[in-house]
Amino acid sequence: MRVDKFLKVSRLIKRRTVANDAADAGRISVNGRVVKASYDVKIGDVIEIAFGGKTVQARVLSLDESPRKENAGEMYELL
């Protein structure tokens, strides 16, 4: 699954276009490497998102294409 889609369906970022813009600006890295929006995430990858002055790190636990709102938080664990 593309990193921009993962961020949207897991609800780490509200909209896919915002995730795309963040990736284009170089604010998203996976396993320590800055990636583009088309990068394919895998289970176990660590995603780091720079939000202004703080960063959020999350490990991918599952790649569900369309999770329910209640289950979206189970797709990752915050580090």
# chains A, B, ... in the order shown; residues from 1 in each chain; ligands from 1
>>> residues_around(residues="range 48-53 of chain A", least_positions_apart="2", cutoff="7 Å", atoms="only C-alpha atoms", output="PyMOL selection string")
chain A and resi 27-30+46+55-58
>>> select_by_dssp(residues="chain A", states="alpha helix (DSSP H)", output="ChimeraX atom specification")
/A:3-9,16-24
>>> closest_residue(among="A:Val60, A:Leu79, A:Ala37, A:Ile43", to="Ser10 in chain A", atoms="only C-alpha atoms")
A:Val60
>>> residues_around(residues="Asn20 in chain A", least_positions_apart="6", cutoff="9 Å", atoms="only C-alpha atoms", output="number ranges by chain")
A: 3-5, 36-38
>>> atom_distance(atom1="CA of Ala23 in chain A", atom2="CA of Val35 in chain A")
6.6 Å
>>> atom_distance(atom1="CA of Glu70 in chain A", atom2="CA of Ala22 in chain A")
25.0 Å
>>> atom_distance(atom1="CA of Leu63 in chain A", atom2="CA of Ala25 in chain A")
24.2 Å
>>> closest_residue(among="A:Met1, A:Leu12, A:Ile47, A:Met75", to="Val34 in chain A", atoms="only C-alpha atoms")
A:Ile47
>>> residues_around(residues="Arg11 in chain A", least_positions_apart="5", cutoff="10 Å", atoms="only C-alpha atoms", output="count of residues only")
7
>>> closest_residue(among="A:Leu78, A:Lys42, A:Arg33, A:Val18", to="Ser62 in chain A", atoms="only C-alpha atoms")
A:Lys42
